[in-house]
Amino acid sequence: MTPSKPSLPLEIGLLAVLALLWGSSYLFIKIAVNDIPPITLIAIRVGIASLFLLAVMLWRGERFPRDGKVLGMLLIQSVLNSLGAWTILAWGQQHVDSGLASVLNSTSPIFVFLITAFLAHHERIDLLRLVGACLGLAGVVLIVGPGVITGLGQHVGGQLAVLTGAILYAGAAIYGRRFNALPATVTAAATMIWASIFLIPASLILDRPWTLAPSTTAILATLALSVFCTAIALLIYFRLLRTLGSIGVASQSYLRAGIGVLLGSLLLGETISPPAVAGILCALVGVAIINIPRPFRQTSPSPKK
């Protein structure tokens, strides 16, 4: 799924598509959660995504690795990228305003930079990339509204939970490069199956989903969330980890807020404020600084500890 000589415009386009898919997931979650409890919604999300990705694997004639160590590493990836991150974010966002949560959740590229600089050392970093990461975060603050920062220090537990989710996403972007030798379909399917193994029983015990009667709108929103915002998004995500690298793929978090504003303007007739326009431009410049100056690099010939 990754060409031998990736095209930078194509990869940046896929980064924007990934930001669109993950950015629109908030809308689908908001619709679905009115009728479906959060744990059950996440369980359905990963369950349907698993089936979709398994079907793609069968169509492509791919198989899961048989090495127990690799399967264990895929469990760690699932915790970082979905199982742990989604659960802790779902709890934290109940106690934090959505605007502040968006800003805190957009710090993952900075955490990728810091972890890479001081611990992982798995790809090239420099001051220019740090500038790009800070510009992108500043853009998100402008898009959401600088006033959201005044909420820092309130509901500290919820804010720390959202920040922890961002750190888990950063860890997923770094750890996920260990699977460059596996097809993106295999990595994505394995992480969703691991998440399903834990979340589906939790849903059955906590929510008794057979007693629910969701509306047609909620069901359609859940299907869109599962197939497009999860299964297809993960295929793009694991591809981009190979081509744009950890910091590059994490930079899509800066685009999500701007995409949300643009969708609101196009679909709902909302007015885009001048600070939001400035924020979108700032985020675009930050993403460009992070990605465009860097040549593509293929690393990690096989999964390793």
# chains A, B, ... in the order shown; residues from 1 in each chain; ligands from 1

call {"tool": "residues_around", "arguments": {"residues": "A:Phe238", "least_positions_apart": "5", "cutoff": "12 Å", "atoms": "only C-alpha atoms", "output": "ChimeraX atom specification"}}
result
/A:1-2,11,14-15,18,77,81,172-189,191,230-233,243-246,248-250

call {"tool": "write_last_selection", "arguments": {"atoms": "C-alpha atoms", "output": "tab-separated table (two decimals), in the first residue's frame"}}
result
chain	number	residue	atom	x	y	z
A	1	MET	CA	0.00	0.00	0.00
A	2	THR	CA	3.07	2.24	0.12
A	11	GLU	CA	1.22	12.07	0.98
A	14	LEU	CA	-3.57	11.80	2.33
A	15	LEU	CA	-2.61	13.66	5.52
A	18	LEU	CA	-6.77	11.61	7.49
A	77	GLN	CA	0.10	-0.42	19.61
A	81	ASN	CA	-3.57	4.17	19.42
A	172	ALA	CA	1.48	5.39	18.95
A	173	ALA	CA	3.02	7.49	16.16
A	174	ILE	CA	6.51	6.55	17.33
A	175	TYR	CA	5.88	2.91	18.24
A	176	GLY	CA	3.87	2.29	15.08
A	177	ARG	CA	6.96	2.69	12.90
A	178	ARG	CA	8.13	-0.69	14.21
A	179	PHE	CA	5.57	-2.31	11.89
A	180	ASN	CA	6.88	-0.87	8.63
A	181	ALA	CA	7.58	-4.39	7.36
A	182	LEU	CA	3.92	-5.40	7.81
A	183	PRO	CA	1.17	-4.37	5.39
A	184	ALA	CA	-0.88	-1.47	6.74
A	185	THR	CA	-4.00	-3.66	6.52
A	186	VAL	CA	-2.47	-6.27	8.83
A	187	THR	CA	-1.30	-3.73	11.41
A	188	ALA	CA	-4.64	-1.88	11.38
A	189	ALA	CA	-6.70	-5.08	11.60
A	191	THR	CA	-4.87	-3.39	16.54
A	230	THR	CA	-11.61	4.15	11.89
A	231	ALA	CA	-10.86	1.39	9.37
A	232	ILE	CA	-9.98	3.51	6.33
A	233	ALA	CA	-8.36	6.18	8.49
A	243	THR	CA	6.43	8.08	4.41
A	244	LEU	CA	5.99	11.22	6.52
A	245	GLY	CA	7.32	9.82	9.79
A	246	SER	CA	6.05	10.15	13.34
A	248	GLY	CA	4.67	14.33	10.14
A	249	VAL	CA	1.68	12.04	10.66
A	250	ALA	CA	1.01	13.56	14.11

call {"tool": "select_by_dssp", "arguments": {"residues": "stretch 41-127 of chain A", "states": "alpha helix (DSSP H)", "output": "MDAnalysis selection string"}}
result
chainID A and resid 41:60 68:78 84:92 98:105 108:115 127

call {"tool": "closest_residue", "arguments": {"among": "A:Val162, A:Ile200, A:Leu142, A:Cys282", "to": "A:Gln94", "atoms": "only C-alpha atoms"}}
result
A:Val162

call {"tool": "atom_distance", "arguments": {"atom1": "atom CA of A:Val131", "atom2": "atom CA of A:Gly279"}}
result
15.1 Å

call {"tool": "closest_residue", "arguments": {"among": "A:Thr271, A:Ser203, A:Ser196, A:Thr164", "to": "A:Ser108", "atoms": "only C-alpha atoms"}}
result
A:Thr164

call {"tool": "residues_around", "arguments": {"residues": "A:Leu130", "least_positions_apart": "2", "cutoff": "9 Å", "atoms": "only C-alpha atoms", "output": "number ranges by chain"}}
result
A: 109-110, 113, 125-128, 132-135, 290

call {"tool": "write_last_selection", "arguments": {"atoms": "N, CA and C atoms", "output": "JSON list (two decimals), in the first residue's frame"}}
result
[["chain", "number", "residue", "atom", "x", "y", "z"],
["A", 109, "PRO", "N", 1.90, 16.39, 18.44],
["A", 109, "PRO", "CA", 3.15, 16.55, 17.70],
["A", 109, "PRO", "C", 4.30, 17.06, 18.56],
["A", 110, "ILE", "N", 3.98, 17.92, 19.54],
["A", 110, "ILE", "CA", 5.03, 18.41, 20.43],
["A", 110, "ILE", "C", 5.56, 17.27, 21.29],
["A", 113, "PHE", "N", 7.84, 15.22, 19.22],
["A", 113, "PHE", "CA", 9.14, 15.89, 19.11],
["A", 113, "PHE", "C", 9.98, 15.64, 20.36],
["A", 125, "ILE", "N", 15.25, 15.21, 13.73],
["A", 125, "ILE", "CA", 14.51, 16.34, 14.25],
["A", 125, "ILE", "C", 15.45, 17.54, 14.31],
["A", 126, "ASP", "N", 14.87, 18.74, 14.27],
["A", 126, "ASP", "CA", 15.67, 19.94, 14.38],
["A", 126, "ASP", "C", 14.79, 21.08, 14.89],
["A", 127, "LEU", "N", 15.41, 22.24, 15.06],
["A", 127, "LEU", "CA", 14.69, 23.39, 15.60],
["A", 127, "LEU", "C", 13.55, 23.81, 14.69],
["A", 128, "LEU", "N", 13.74, 23.66, 13.36],
["A", 128, "LEU", "CA", 12.70, 24.07, 12.42],
["A", 128, "LEU", "C", 11.43, 23.26, 12.63],
["A", 132, "GLY", "N", 7.67, 24.51, 13.65],
["A", 132, "GLY", "CA", 6.45, 24.10, 12.96],
["A", 132, "GLY", "C", 5.42, 23.53, 13.92],
["A", 133, "ALA", "N", 5.87, 22.71, 14.89],
["A", 133, "ALA", "CA", 4.95, 22.14, 15.87],
["A", 133, "ALA", "C", 4.31, 23.23, 16.73],
["A", 134, "CYS", "N", 5.09, 24.21, 17.14],
["A", 134, "CYS", "CA", 4.56, 25.30, 17.97],
["A", 134, "CYS", "C", 3.61, 26.19, 17.15],
["A", 135, "LEU", "N", 3.94, 26.44, 15.89],
["A", 135, "LEU", "CA", 3.05, 27.23, 15.03],
["A", 135, "LEU", "C", 1.71, 26.52, 14.84],
["A", 290, "ILE", "N", 6.79, 21.24, 9.10],
["A", 290, "ILE", "CA", 7.09, 19.91, 9.63],
["A", 290, "ILE", "C", 7.37, 18.91, 8.52]]

call {"tool": "atom_distance", "arguments": {"atom1": "atom CA of A:Ser226", "atom2": "atom CA of A:Ser25"}}
result
9.2 Å

call {"tool": "atom_distance", "arguments": {"atom1": "atom CA of A:Gly47", "atom2": "atom CA of A:Gly171"}}
result
23.2 Å

call {"tool": "residues_around", "arguments": {"residues": "A:Asp35", "least_positions_apart": "2", "cutoff": "8 Å", "atoms": "only C-alpha atoms", "output": "ChimeraX atom specification"}}
result
/A:32-33,37,212-215,218

call {"tool": "closest_residue", "arguments": {"among": "A:Gly68, A:Gly136, A:Gly165, A:Gly23", "to": "A:Asn105", "atoms": "only C-alpha atoms"}}
result
A:Gly165

call {"tool": "closest_residue", "arguments": {"among": "A:Leu284, A:Ile292, A:Leu168, A:Val261", "to": "A:Ser24", "atoms": "only C-alpha atoms"}}
result
A:Val261

call {"tool": "residues_around", "arguments": {"residues": "A:Arg256", "least_positions_apart": "6", "cutoff": "8 Å", "atoms": "only C-alpha atoms", "output": "list in words"}}
result
Ala19, Leu20, Trp22 and Gly23 of chain A

call {"tool": "closest_residue", "arguments": {"among": "A:Ala170, A:Ala117, A:Val277, A:Ile39", "to": "A:Arg129", "atoms": "only C-alpha atoms"}}
result
A:Ala117
